[in-house]
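So this block is upload-v5.txt, compact mmCIF, C-alpha atoms:
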# COMPACT_ATOMS: atom_id res chain seq x y z
CA MET L 6 5.79 24.64 274.94
CA SER L 7 6.25 22.91 278.29
CA ALA L 8 3.54 23.19 280.93
CA LEU L 9 3.99 26.26 283.09
CA PRO L 10 4.67 25.60 286.77
CA ARG L 11 1.73 26.62 288.96
CA LEU L 12 2.33 30.00 290.57
CA THR L 13 1.54 30.82 294.17
CA PRO L 14 -0.84 33.79 294.61
CA ALA L 15 2.10 35.82 295.94
CA ASP L 16 4.18 35.04 292.85
CA GLU L 17 1.26 35.84 290.61
CA ALA L 18 0.83 39.24 292.26
CA ARG L 19 4.55 39.95 291.96
CA VAL L 20 4.59 39.06 288.25
CA ALA L 21 1.53 41.24 287.63
CA ARG L 22 3.24 44.15 289.40
CA ALA L 23 6.39 43.56 287.34
CA TRP L 24 4.37 43.77 284.10
CA ALA L 25 2.83 47.03 285.32
CA VAL L 26 6.29 48.40 286.12
CA LEU L 27 7.68 47.30 282.75
CA ASP L 28 4.85 49.14 281.02
CA THR L 29 6.45 52.35 282.33
CA VAL L 30 9.91 51.57 280.91
CA LEU L 31 10.22 53.54 277.67
CA ASP L 32 12.15 52.68 274.52
CA PRO L 33 15.09 55.14 274.52
CA GLU L 34 14.89 55.62 270.73
CA VAL L 35 11.09 55.96 270.52
CA PRO L 36 10.14 57.27 273.97
CA ALA L 37 6.45 57.24 273.08
CA LEU L 38 6.44 53.46 273.48
CA SER L 39 7.00 51.26 276.50
CA VAL L 40 8.97 48.06 276.13
CA CYS L 41 5.64 46.23 276.56
CA ASP L 42 3.96 48.22 273.73
CA LEU L 43 6.92 47.32 271.56
CA GLY L 44 6.38 43.62 272.26
CA ILE L 45 9.95 42.88 273.31
CA VAL L 46 9.06 41.66 276.82
CA ARG L 47 8.18 38.04 276.14
CA GLU L 48 7.88 36.58 279.62
CA VAL L 49 8.21 37.46 283.28
CA LEU L 50 8.92 34.41 285.44
CA PRO L 51 9.28 34.19 289.20
CA GLN L 52 12.57 32.68 290.29
CA GLY L 53 12.85 32.16 294.02
CA ASP L 54 12.69 35.66 295.50
CA GLY L 55 13.55 37.24 292.19
CA LEU L 56 12.35 37.50 288.61
CA GLU L 57 13.56 36.38 285.24
CA ILE L 58 12.62 38.74 282.44
CA VAL L 59 12.81 37.45 278.88
CA LEU L 60 13.48 40.09 276.21
CA THR L 61 13.70 39.65 272.44
CA PRO L 62 15.94 42.24 270.73
CA THR L 63 14.47 44.20 267.80
CA TYR L 64 17.37 44.58 265.35
CA SER L 65 20.70 42.68 265.40
CA GLY L 66 22.62 45.91 265.75
CA CYS L 67 20.14 47.96 267.76
CA PRO L 68 22.26 50.08 270.13
CA ALA L 69 19.23 50.48 272.42
CA THR L 70 19.19 46.80 273.42
CA GLU L 71 21.74 47.18 276.20
CA VAL L 72 20.18 50.41 277.46
CA ILE L 73 16.77 48.73 277.58
CA GLU L 74 18.19 45.79 279.50
CA ARG L 75 19.61 48.16 282.11
CA SER L 76 16.45 50.29 282.32
CA VAL L 77 14.34 47.16 282.85
CA LEU L 78 16.55 45.98 285.71
CA ASP L 79 16.65 49.46 287.29
CA ALA L 80 12.85 49.76 287.17
CA ILE L 81 12.27 46.34 288.73
CA ASP L 82 14.86 47.14 291.38
CA ALA L 83 13.35 50.57 292.14
CA ALA L 84 9.92 48.94 292.57
CA GLY L 85 11.42 46.59 295.16
CA LEU L 86 10.41 43.48 293.26
CA GLY L 87 13.54 41.59 294.22
CA PRO L 88 16.67 40.61 292.33
CA ALA L 89 15.94 40.33 288.61
CA HIS L 90 17.95 39.17 285.65
CA VAL L 91 17.35 39.49 281.94
CA VAL L 92 17.53 36.67 279.43
CA LEU L 93 17.85 37.65 275.76
CA ARG L 94 15.87 35.27 273.57
CA ARG L 95 16.48 35.57 269.83
CA ALA L 96 13.99 33.01 268.53
CA PRO L 97 11.37 33.52 267.36
CA ALA L 98 12.72 36.75 265.90
CA TRP L 99 11.00 39.98 266.89
CA THR L 100 8.59 41.35 264.33
CA THR L 101 6.76 44.68 264.16
CA ASP L 102 3.56 42.59 264.22
CA TRP L 103 4.22 42.30 267.99
CA ILE L 104 3.70 46.04 268.52
CA SER L 105 0.39 46.33 270.40
CA ALA L 106 -2.69 48.20 269.14
CA GLU L 107 -2.08 50.65 271.96
CA GLY L 108 1.54 50.99 270.78
CA ARG L 109 0.40 51.74 267.24
CA ARG L 110 -1.97 54.42 268.50
CA LYS L 111 0.84 56.01 270.56
CA LEU L 112 3.21 55.94 267.57
CA THR L 113 0.71 57.79 265.36
CA GLU L 114 0.11 60.35 268.10
CA TYR L 115 3.87 60.82 268.43
CA GLY L 116 4.10 61.53 264.68
CA ILE L 117 5.51 58.20 263.51
CA ALA L 118 3.47 56.19 260.99
CA PRO L 119 3.07 52.67 262.45
CA PRO L 120 4.19 49.61 260.47
CA GLY L 121 1.73 47.69 258.33
CA PRO L 122 1.48 43.90 258.63
CA THR L 123 4.52 41.87 257.56
CA GLY L 124 4.29 39.01 255.09
CA PRO L 125 4.16 35.35 256.11
CA VAL L 126 7.22 34.22 258.04
CA GLY L 127 9.98 32.82 255.84
CA ALA L 128 8.20 33.73 252.62
CA ALA L 129 10.51 34.55 249.73
CA VAL L 130 10.37 38.21 248.78
CA PRO L 131 10.99 38.95 245.10
CA ILE L 132 13.41 41.77 244.32
CA ARG L 133 11.48 44.60 242.75
CA PHE L 134 13.30 47.57 241.28
CA MET L 135 12.42 51.17 242.03
CA ARG L 136 9.19 49.84 243.31
CA ARG L 137 5.97 51.73 243.37
CA PRO L 138 4.28 50.72 246.60
CA ALA L 139 1.26 48.45 246.26
CA VAL L 140 -1.95 49.92 247.66
CA ALA L 141 -1.62 47.72 250.78
CA ASP L 142 1.89 49.12 251.38
CA LYS L 143 0.74 52.74 251.38
CA VAL L 144 1.79 54.68 254.44
CA ALA L 145 -0.73 57.15 255.83
CA CYS L 146 0.47 60.50 257.17
CA PRO L 147 0.29 60.42 260.99
CA ARG L 148 -0.76 64.08 261.04
CA CYS L 149 -3.48 64.50 258.42
CA GLY L 150 -4.22 60.85 257.59
CA SER L 151 -3.73 61.26 253.84
CA ASP L 152 -2.12 58.30 252.07
CA HIS L 153 -0.81 60.64 249.39
CA THR L 154 2.74 60.24 250.71
CA GLU L 155 6.18 59.43 249.32
CA ARG L 156 9.32 57.89 250.71
CA LEU L 157 12.30 60.24 250.96
CA SER L 158 14.86 57.88 252.46
CA ALA L 159 14.92 54.11 253.02
CA PHE L 160 16.75 54.62 256.31
CA GLY L 161 15.91 57.16 259.00
CA SER L 162 17.24 58.40 262.31
CA THR L 163 17.32 54.80 263.60
CA ALA L 164 17.58 51.43 261.87
CA CYS L 165 13.89 50.71 262.45
CA LYS L 166 12.54 53.77 260.66
CA SER L 167 12.44 55.32 257.20
CA LEU L 168 11.70 58.91 256.22
CA TYR L 169 8.53 60.00 254.39
CA ARG L 170 6.84 63.18 253.25
CA CYS L 171 3.13 63.87 253.07
CA ILE L 172 2.22 65.43 249.75
CA ALA L 173 -1.16 66.59 251.08
CA CYS L 174 -0.06 68.50 254.21
CA ARG L 175 3.59 68.91 253.15
CA GLU L 176 4.93 67.63 256.47
CA PRO L 177 7.83 65.17 256.67
CA PHE L 178 7.36 62.22 259.01
CA GLU L 179 8.98 58.95 260.02
CA HIS L 180 7.63 55.47 259.31
CA PHE L 181 8.31 52.46 261.50
CA LYS L 182 9.32 49.85 258.90
CA PRO L 183 7.45 46.53 258.94
CA ILE L 184 9.98 43.77 259.56
CA MET H 18 51.01 45.74 273.67
CA GLN H 19 48.23 43.20 273.82
CA ALA H 20 49.28 39.87 272.26
CA SER H 21 47.11 37.97 269.78
CA ILE H 22 44.82 35.19 270.94
CA GLU H 23 45.44 31.68 269.74
CA LEU H 24 42.46 30.53 267.74
CA ASP H 25 41.40 26.91 267.40
CA ARG H 26 40.94 26.72 263.63
CA ARG H 27 38.51 23.81 263.77
CA ALA H 28 36.11 23.60 260.85
CA ASP H 29 32.85 24.64 262.56
CA VAL H 30 34.53 27.69 264.12
CA GLN H 31 36.02 28.67 260.75
CA TYR H 32 32.67 28.22 259.03
CA LEU H 33 30.95 30.65 261.42
CA LEU H 34 33.87 33.10 261.31
CA ARG H 35 33.71 33.19 257.50
CA ILE H 36 30.22 34.63 257.79
CA GLY H 37 30.84 36.69 260.94
CA ASP H 38 34.06 38.21 259.56
CA THR H 39 32.42 38.97 256.22
CA CYS H 40 29.79 40.99 258.16
CA LEU H 41 32.41 42.59 260.42
CA ILE H 42 34.84 43.74 257.73
CA LEU H 43 32.09 44.99 255.40
CA ALA H 44 30.64 46.95 258.34
CA GLN H 45 34.04 48.58 258.86
CA ARG H 46 34.22 49.56 255.19
CA LEU H 47 30.67 50.93 255.23
CA GLY H 48 31.48 52.95 258.33
CA GLU H 49 34.13 54.77 256.29
CA TRP H 50 31.27 56.43 254.36
CA CYS H 51 30.07 58.22 257.49
CA GLY H 52 30.19 61.90 256.59
CA HIS H 53 31.37 61.16 253.03
CA ALA H 54 28.42 59.70 251.09
CA PRO H 55 27.12 61.72 248.12
CA ALA H 56 23.78 62.41 249.82
CA LEU H 57 22.69 62.55 253.44
CA GLU H 58 20.15 59.74 252.91
CA GLU H 59 22.88 57.41 251.64
CA ASP H 60 25.25 58.42 254.41
CA ILE H 61 22.56 57.24 256.83
CA ALA H 62 21.86 54.13 254.76
CA MET H 63 25.50 53.02 254.68
CA THR H 64 25.95 53.45 258.42
CA ASN H 65 22.59 51.86 259.24
CA MET H 66 23.52 48.81 257.21
CA ALA H 67 26.91 48.79 258.94
CA LEU H 68 25.12 48.76 262.28
CA ASP H 69 23.02 45.73 261.31
CA LEU H 70 26.18 43.97 260.08
CA VAL H 71 28.05 44.69 263.31
CA GLY H 72 25.12 43.27 265.27
CA GLN H 73 25.13 40.12 263.13
CA ALA H 74 28.92 39.80 263.47
CA ARG H 75 28.73 40.20 267.26
CA ALA H 76 26.19 37.38 267.53
CA LEU H 77 28.15 35.03 265.26
CA LEU H 78 31.54 35.77 266.84
CA THR H 79 30.05 35.17 270.27
CA ARG H 80 28.64 31.82 269.12
CA ALA H 81 31.93 30.86 267.39
CA GLY H 82 33.78 31.60 270.65
CA GLN H 83 31.39 29.39 272.62
CA ILE H 84 31.84 26.52 270.19
CA GLU H 85 35.61 27.00 270.16
CA GLY H 86 35.59 26.53 273.94
CA ARG H 87 38.61 28.70 274.78
CA ALA H 88 36.58 31.41 276.51
CA HIS H 89 37.20 33.92 273.70
CA ASP H 90 34.44 36.54 273.65
CA GLU H 91 33.21 38.65 270.73
CA ASP H 92 35.65 41.47 271.47
CA GLN H 93 38.70 39.23 271.66
CA LEU H 94 37.67 37.58 268.42
CA ALA H 95 37.03 40.90 266.71
CA PHE H 96 40.17 42.70 267.86
CA LEU H 97 42.84 40.24 268.91
CA ARG H 98 43.26 37.78 266.06
CA ASP H 99 46.15 37.76 263.64
CA GLU H 100 45.39 38.42 260.00
CA ARG H 101 45.58 34.76 259.02
CA ASP H 102 42.84 33.93 261.55
CA TYR H 103 40.24 36.11 259.81
CA PHE H 104 38.16 34.20 257.30
CA ASN H 105 36.08 36.84 255.48
CA ALA H 106 35.61 36.70 251.73
CA THR H 107 38.32 38.88 250.12
CA LEU H 108 35.70 41.04 248.39
CA VAL H 109 34.72 42.88 251.59
CA GLU H 110 38.24 43.94 252.55
CA LEU H 111 38.88 45.82 249.28
CA PRO H 112 39.03 49.62 249.81
CA ARG H 113 35.63 51.25 249.58
CA GLY H 114 36.27 52.82 246.16
CA ASP H 115 33.67 55.21 244.77
CA PHE H 116 29.95 55.09 245.51
CA ALA H 117 29.31 52.80 242.52
CA PHE H 118 31.86 50.31 243.80
CA SER H 119 30.36 50.37 247.30
CA VAL H 120 26.73 49.91 246.26
CA LEU H 121 27.59 47.10 243.85
CA ARG H 122 29.62 45.31 246.51
CA ASN H 123 26.75 45.80 248.97
CA ALA H 124 24.32 44.23 246.51
CA MET H 125 26.63 41.27 245.89
CA VAL H 126 27.29 40.64 249.58
CA ALA H 127 23.70 41.28 250.72
CA THR H 128 22.48 38.76 248.13
CA LEU H 129 24.99 36.19 249.40
CA LEU H 130 24.19 36.84 253.07
CA LYS H 131 20.45 36.73 252.44
CA LEU H 132 20.80 33.29 250.82
CA LEU H 133 23.06 32.12 253.65
CA TRP H 134 20.74 33.37 256.41
CA GLU H 135 17.73 31.76 254.74
CA ARG H 136 19.47 28.40 254.97
CA LEU H 137 21.05 29.01 258.38
CA ALA H 138 17.56 29.61 259.80
CA THR H 139 17.28 25.80 259.87
CA SER H 140 20.83 25.20 261.18
CA SER H 141 21.36 22.23 263.48
CA ASP H 142 22.80 24.78 265.93
CA GLU H 143 19.79 26.44 267.59
CA GLU H 144 21.62 29.64 268.43
CA VAL H 145 22.84 30.06 264.84
CA ALA H 146 19.29 29.40 263.61
CA ALA H 147 17.95 32.10 265.94
CA ILE H 148 20.57 34.64 264.78
CA ALA H 149 19.71 33.85 261.16
CA GLY H 150 15.95 34.23 261.73
CA LYS H 151 16.54 37.85 262.64
CA ALA H 152 19.36 38.64 260.21
CA VAL H 153 17.57 37.40 257.10
CA LYS H 154 15.01 40.20 257.38
CA GLU H 155 17.78 42.80 257.61
CA ALA H 156 19.71 41.30 254.68
CA ARG H 157 16.59 41.42 252.49
CA TYR H 158 16.24 45.14 253.12
CA HIS H 159 19.96 45.70 252.39
CA GLN H 160 19.69 43.73 249.17
CA GLN H 161 16.65 45.66 247.99
CA HIS H 162 18.23 49.02 248.76
CA SER H 163 21.59 48.22 247.17
CA ALA H 164 20.05 46.59 244.10
CA ASP H 165 17.94 49.72 243.54
CA TRP H 166 21.14 51.77 243.44
CA VAL H 167 22.86 49.37 241.04
CA VAL H 168 19.92 49.82 238.67
CA ARG H 169 19.78 53.58 239.14
CA LEU H 170 23.49 54.03 238.42
CA GLY H 171 23.87 51.32 235.77
CA ASP H 172 20.84 52.59 233.86
CA GLY H 173 21.71 56.21 234.58
CA THR H 174 24.00 58.71 232.92
CA ALA H 175 27.03 57.88 230.78
CA GLU H 176 29.23 58.73 233.77
CA SER H 177 27.33 56.57 236.30
CA ASN H 178 27.16 53.70 233.82
CA ALA H 179 30.91 53.88 233.18
CA ARG H 180 31.63 53.86 236.89
CA MET H 181 29.30 50.93 237.48
CA ASN H 182 30.96 48.99 234.67
CA ALA H 183 34.39 49.70 236.13
CA ALA H 184 33.22 48.51 239.57
CA LEU H 185 31.71 45.38 238.07
CA LYS H 186 34.93 44.54 236.25
CA GLU H 187 36.96 44.92 239.45
CA LEU H 188 34.57 43.13 241.82
CA TRP H 189 33.63 40.20 239.60
CA ARG H 190 37.15 38.78 239.94
CA PHE H 191 36.34 37.99 243.56
CA VAL H 192 33.16 36.00 242.86
CA PRO H 193 34.69 32.53 242.30
CA GLU H 194 36.01 32.52 245.89
CA LEU H 195 32.46 32.85 247.23
CA PHE H 196 31.37 29.51 245.82
CA ALA H 197 34.58 27.49 245.95
CA SER H 198 34.14 24.34 248.03
CA ASP H 199 36.53 23.01 250.62
CA ALA H 200 36.63 20.77 253.70
CA VAL H 201 35.26 23.50 256.02
CA ASP H 202 32.14 23.87 253.86
CA GLU H 203 31.78 20.16 253.44
CA GLU H 204 31.88 19.52 257.16
CA ALA H 205 29.28 22.21 257.87
CA ARG H 206 26.99 20.75 255.23
CA ALA H 207 27.42 17.24 256.59
CA SER H 208 26.78 18.24 260.21
CA GLY H 209 23.80 20.43 259.32
CA LEU H 210 25.47 23.56 260.72
CA GLY H 211 24.88 25.34 257.43
CA PRO H 212 24.95 25.02 253.64
CA ALA H 213 28.11 24.69 251.58
CA TRP H 214 28.37 28.13 249.94
CA SER H 215 28.59 26.37 246.57
CA GLU H 216 24.95 25.32 247.00
CA LEU H 217 23.95 28.99 246.81
CA ARG H 218 25.80 29.65 243.57
CA GLU H 219 22.93 29.13 241.14
CA THR H 220 20.43 31.32 243.02
CA TRP H 221 23.04 34.02 243.60
CA PHE H 222 23.84 34.23 239.87
CA ALA H 223 20.12 34.27 239.02
CA GLU H 224 19.37 37.12 241.44
CA MET H 225 22.47 39.17 240.61
CA GLY H 226 21.83 38.47 236.90
CA SER H 227 18.35 40.00 237.11
CA VAL H 228 19.75 43.05 238.93
CA LEU H 229 22.50 43.56 236.33
CA GLU H 230 20.09 43.05 233.45
CA GLU H 231 17.72 45.68 234.85
CA ALA H 232 20.77 47.94 235.27
CA THR H 233 21.72 47.42 231.58
CA LEU H 234 25.05 45.92 232.68
CA ALA H 235 26.46 42.81 231.04
CA VAL H 236 27.42 39.95 233.37
CA PRO H 237 31.21 39.62 232.99
CA ALA H 238 32.84 36.33 232.07
CA GLU H 239 33.81 34.26 235.08
CA SER H 240 37.33 34.97 236.27
CA ALA H 241 39.96 32.23 236.58
CA PHE H 242 41.47 34.10 239.54
CA LEU H 243 40.64 32.53 242.91
CA SER H 244 41.09 34.78 245.94
CA THR H 245 41.60 33.09 249.30
CA GLY H 246 40.35 35.31 252.15
CA LYS H 247 37.98 32.56 253.34
CA ARG H 248 41.05 30.42 253.96
CA GLY H 249 42.77 33.20 255.91
CA VAL H 250 45.11 34.33 253.14
CA HIS H 251 44.18 37.93 252.40
CA SER H 252 44.84 40.77 249.99
CA GLU H 253 47.34 43.53 250.83
CA HIS H 254 44.42 45.67 252.08
CA MET H 255 43.61 43.46 255.06
CA GLY H 256 46.56 44.47 257.21
CA TYR H 257 45.65 48.15 256.97
CA ILE H 258 42.01 47.69 257.88
CA LEU H 259 42.97 45.47 260.84
CA ALA H 260 45.52 48.03 262.00
CA GLU H 261 42.77 50.62 262.11
CA MET H 262 40.31 48.28 263.85
CA GLN H 263 42.73 46.81 266.35
CA HIS H 264 44.90 49.78 267.27
CA LEU H 265 43.07 50.76 270.48
CA GLN H 266 42.72 47.24 271.90
CA ARG H 267 46.34 46.47 271.12
CA ALA H 268 47.69 49.73 272.57
CA TYR H 269 45.40 49.78 275.61
CA PRO H 270 44.72 46.14 276.50
CA GLY H 271 41.24 45.52 277.87
CA GLY H 272 40.19 49.15 277.35
CA VAL H 273 36.43 49.66 277.46
CA TRP H 274 34.07 52.56 276.79
Starting from the coordinates I provided, produce the structure as structure tokens.
Amino acid sequence: MSALPRLTPADEARVARAWAVLDTVLDPEVPALSVCDLGIVREVLPQGDGLEIVLTPTYSGCPATEVIERSVLDAIDAAGLGPAHVVLRRAPAWTTDWISAEGRRKLTEYGIAPPGPTGPVGAAVPIRFMRRPAVADKVACPRCGSDHTERLSAFGSTACKSLYRCIACREPFEHFKPI
Amino acid sequence: MQASIELDRRADVQYLLRIGDTCLILAQRLGEWCGHAPALEEDIAMTNMALDLVGQARALLTRAGQIEGRAHDEDQLAFLRDERDYFNATLVELPRGDFAFSVLRNAMVATLLKLLWERLATSSDEEVAAIAGKAVKEARYHQQHSADWVVRLGDGTAESNARMNAALKELWRFVPELFASDAVDEEARASGLGPAWSELRETWFAEMGSVLEEATLAVPAESAFLSTGKRGVHSEHMGYILAEMQHLQRAYPGGVW
């Protein structure tokens, strides 16, 4: 990484305000999380009077990406932080490991089981058939906490989630897939 | 009516369009299952996978347009090319068939794309490498899901096994095309843009072999037939699918949502 240019105190304050504003911009598909909780805001850089905001998209085909881009620009504009533009950065690829601890807590509260840790980057994943989840892959029910759960559907209401059922409390719930 | 764009068929552009068009056309076929899959969960699965594939196609078509240097964007490349300028593998343009046919094709294509993305993650083109770094994770999930269904249906009832065998017989004829070498592949390999697809042959057969074995299906003998979609010469089904995809852009030039 190249050395960061030194920021003036005014720039620093503006960037800090921008981060605070971005923390109020919610993901349209999972409105419990802000774009900062989700880990898709990678950098906020001062550019003259304006700001450059670097976002990393979650899924290749995520229809929310363009909505998020617009919401981010609207929020920065409404806060009077000057002209902003968004740069989409694909590499390194977004991973659910970037969801903050705070984001995970909010997901559980919202009724979505947060993703577990992903494997090492680039590691080969063997194909396993009709797999029984390993203990580490168990998904705990966001309502009652029991890990006596089963997967109902590999895909859910959005590409990033799958559908589960808790066998203990009988409630269905969604799971944010680790990717 | 909106006229076709004139594509520069240079090798690096063709190489990227082979992959991008394979994603695009399969996505279109998967979208046909919306509201028609045998179970709600699979309806959602087919369309979710289609969505990932459209996203991957958009990124690759955009990059191919930049490399081509004629200011063609993703939409022009998706909707305004003539049939001979699409370079998808023939396999993905075949009609969707029954559910057995669709899940087997998904497993075959997801396995191929996964192996391609793994190698493209170290492409000499940084943008392609970045696209691949994301797409490989999606392709792994598609492969796992589709392979599970191949096993479930192959090793299922007499009816599901018969349907899976029929699908296998039909689809296997289109495998040799996937790994046939030509100058486009060779140039991509030499420049470091991406692997020659023939380099993936051995691993693809090993992975598909283990899926078919688990599914109690015998690997068919290799076909002598060589389809040619990757060279732009398509089956009779391609014109119909393009007509459906292109109709709006052709009839209402530049129309947007």
Identify every residue of chain H that has at least one atom within 7 Å of any atom of chain L, counting only C-alpha atoms, and report the result as a VMD selection string.
chain H and resid 58 61 to 62 65 68 to 73 147 to 148 150 to 152 154 161 165
As a list in words, please: the residues near Arg27 of chain H (cut-off 12 Å, all atoms listed in the file, same-chain neighbours under 4 positions excluded).
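Returned residues: Gln31, Tyr32, Leu33, Leu34, Ala81, Gly82, Ile84, Glu85, Gly86, Asp102, Ala200, Val201, Asp202, Glu204 and Ala205 of chain H.
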List as JSON lines every residue of segment 30-98 of chain L that is in contact with segment 104-123 of chain L, defined as an atom at most 12 Å from one of its atoms (using all atoms listed in the file), together with the nearest atom pair and the distance in Å rounded to one decimal, sorted by chain and then rising number.
{"residue": "L:Leu31", "atom": "CA", "partner": "L:Gly108", "partner_atom": "CA", "distance": 11.4}
{"residue": "L:Asp32", "atom": "CA", "partner": "L:Gly108", "partner_atom": "CA", "distance": 11.4}
{"residue": "L:Val35", "atom": "CA", "partner": "L:Leu112", "partner_atom": "CA", "distance": 8.4}
{"residue": "L:Pro36", "atom": "CA", "partner": "L:Tyr115", "partner_atom": "CA", "distance": 9.1}
{"residue": "L:Ala37", "atom": "CA", "partner": "L:Lys111", "partner_atom": "CA", "distance": 6.3}
{"residue": "L:Leu38", "atom": "CA", "partner": "L:Gly108", "partner_atom": "CA", "distance": 6.1}
{"residue": "L:Ser39", "atom": "CA", "partner": "L:Gly108", "partner_atom": "CA", "distance": 7.9}
{"residue": "L:Val40", "atom": "CA", "partner": "L:Ile104", "partner_atom": "CA", "distance": 9.5}
{"residue": "L:Cys41", "atom": "CA", "partner": "L:Ser105", "partner_atom": "CA", "distance": 8.1}
{"residue": "L:Asp42", "atom": "CA", "partner": "L:Gly108", "partner_atom": "CA", "distance": 4.7}
{"residue": "L:Leu43", "atom": "CA", "partner": "L:Ile104", "partner_atom": "CA", "distance": 4.6}
{"residue": "L:Gly44", "atom": "CA", "partner": "L:Ile104", "partner_atom": "CA", "distance": 5.2}
{"residue": "L:Ile45", "atom": "CA", "partner": "L:Ile104", "partner_atom": "CA", "distance": 8.5}
{"residue": "L:Val46", "atom": "CA", "partner": "L:Ile104", "partner_atom": "CA", "distance": 10.8}
{"residue": "L:Arg47", "atom": "CA", "partner": "L:Ile104", "partner_atom": "CA", "distance": 11.9}
{"residue": "L:Thr63", "atom": "CA", "partner": "L:Ile104", "partner_atom": "CA", "distance": 10.9}
Between L:Phe178, L:Asp16, L:Gly124, L:Ile73, which residue has the minimum interatomic distance to Asp102 of chain L, considering only C-alpha atoms?
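Closest to Asp102 of chain L, using only C-alpha atoms: L:Gly124.
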Minimum-distance residue to Pro33 of chain L, chosen among L:Val77, L:Leu56, L:Leu93, L:Ala173 (using all atoms listed in the file)
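Ranked by minimum distance to Pro33 of chain L, first place goes to L:Val77.
Taking atom CA of Trp50 of chain H as the reference point, atom CA of Ile36 of chain H is found at 22.1 Å.
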Residue neighbourhood segment 214-228 of chain H, 10 Å, all atoms listed in the file, exclusion window fewer than 3 positions, as a tab-separated table (two decimals) with C-alpha atoms, keeping the file's coordinate frame:
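As a result, out-v8.tsv now contains:
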chain	number	residue	atom	x	y	z
L	131	PRO	CA	10.99	38.95	245.10
L	132	ILE	CA	13.41	41.77	244.32
L	133	ARG	CA	11.48	44.60	242.75
L	134	PHE	CA	13.30	47.57	241.28
H	121	LEU	CA	27.59	47.10	243.85
H	124	ALA	CA	24.32	44.23	246.51
H	125	MET	CA	26.63	41.27	245.89
H	126	VAL	CA	27.29	40.64	249.58
H	128	THR	CA	22.48	38.76	248.13
H	129	LEU	CA	24.99	36.19	249.40
H	130	LEU	CA	24.19	36.84	253.07
H	131	LYS	CA	20.45	36.73	252.44
H	132	LEU	CA	20.80	33.29	250.82
H	133	LEU	CA	23.06	32.12	253.65
H	136	ARG	CA	19.47	28.40	254.97
H	161	GLN	CA	16.65	45.66	247.99
H	163	SER	CA	21.59	48.22	247.17
H	164	ALA	CA	20.05	46.59	244.10
H	165	ASP	CA	17.94	49.72	243.54
H	166	TRP	CA	21.14	51.77	243.44
H	167	VAL	CA	22.86	49.37	241.04
H	168	VAL	CA	19.92	49.82	238.67
H	171	GLY	CA	23.87	51.32	235.77
H	192	VAL	CA	33.16	36.00	242.86
H	193	PRO	CA	34.69	32.53	242.30
H	194	GLU	CA	36.01	32.52	245.89
H	195	LEU	CA	32.46	32.85	247.23
H	196	PHE	CA	31.37	29.51	245.82
H	197	ALA	CA	34.58	27.49	245.95
H	198	SER	CA	34.14	24.34	248.03
H	199	ASP	CA	36.53	23.01	250.62
H	202	ASP	CA	32.14	23.87	253.86
H	203	GLU	CA	31.78	20.16	253.44
H	205	ALA	CA	29.28	22.21	257.87
H	206	ARG	CA	26.99	20.75	255.23
H	211	GLY	CA	24.88	25.34	257.43
H	231	GLU	CA	17.72	45.68	234.85
H	232	ALA	CA	20.77	47.94	235.27
H	233	THR	CA	21.72	47.42	231.58
H	234	LEU	CA	25.05	45.92	232.68
H	235	ALA	CA	26.46	42.81	231.04
H	236	VAL	CA	27.42	39.95	233.37
Report, in Å with one decimal, the straight-line distance from atom CA of Phe104 of chain H to atom CA of Ile258 of chain H.
14.0 Å
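Between atom CA of Glu135 of chain H and atom CA of Ala149 of chain H the interatomic distance comes to 7.0 Å.
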I'd like the contact shell of Gly256 of chain H - 10 Å cut-off, only C-alpha atoms, skipping same-chain residues fewer than 3 positions apart - returned as number ranges by chain.
H: 99-101, 110, 251-253, 259-262
May I have the centre and edge lengths, in Å to one decimal, of an axis-aligned box around the listed atoms of segment 162-168 of chain L with 8 Å added to every side, as AutoDock Vina command-line options?
--center_x 14.6 --center_y 54.8 --center_z 259.9 --size_x 21.9 --size_y 24.2 --size_z 23.4
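All polymer residues at most 6 Å from (7.2, 59.7, 256.0), using only C-alpha atoms, appear as Arg156, Leu168, Tyr169, Arg170, Pro177, Phe178, Glu179 and His180 of chain L.
Using all atoms listed in the file, the shortest contact distance between Val273 of chain H and any of H:Asp92, H:Ile42, H:Ser177, H:Val120 is found at H:Asp92.
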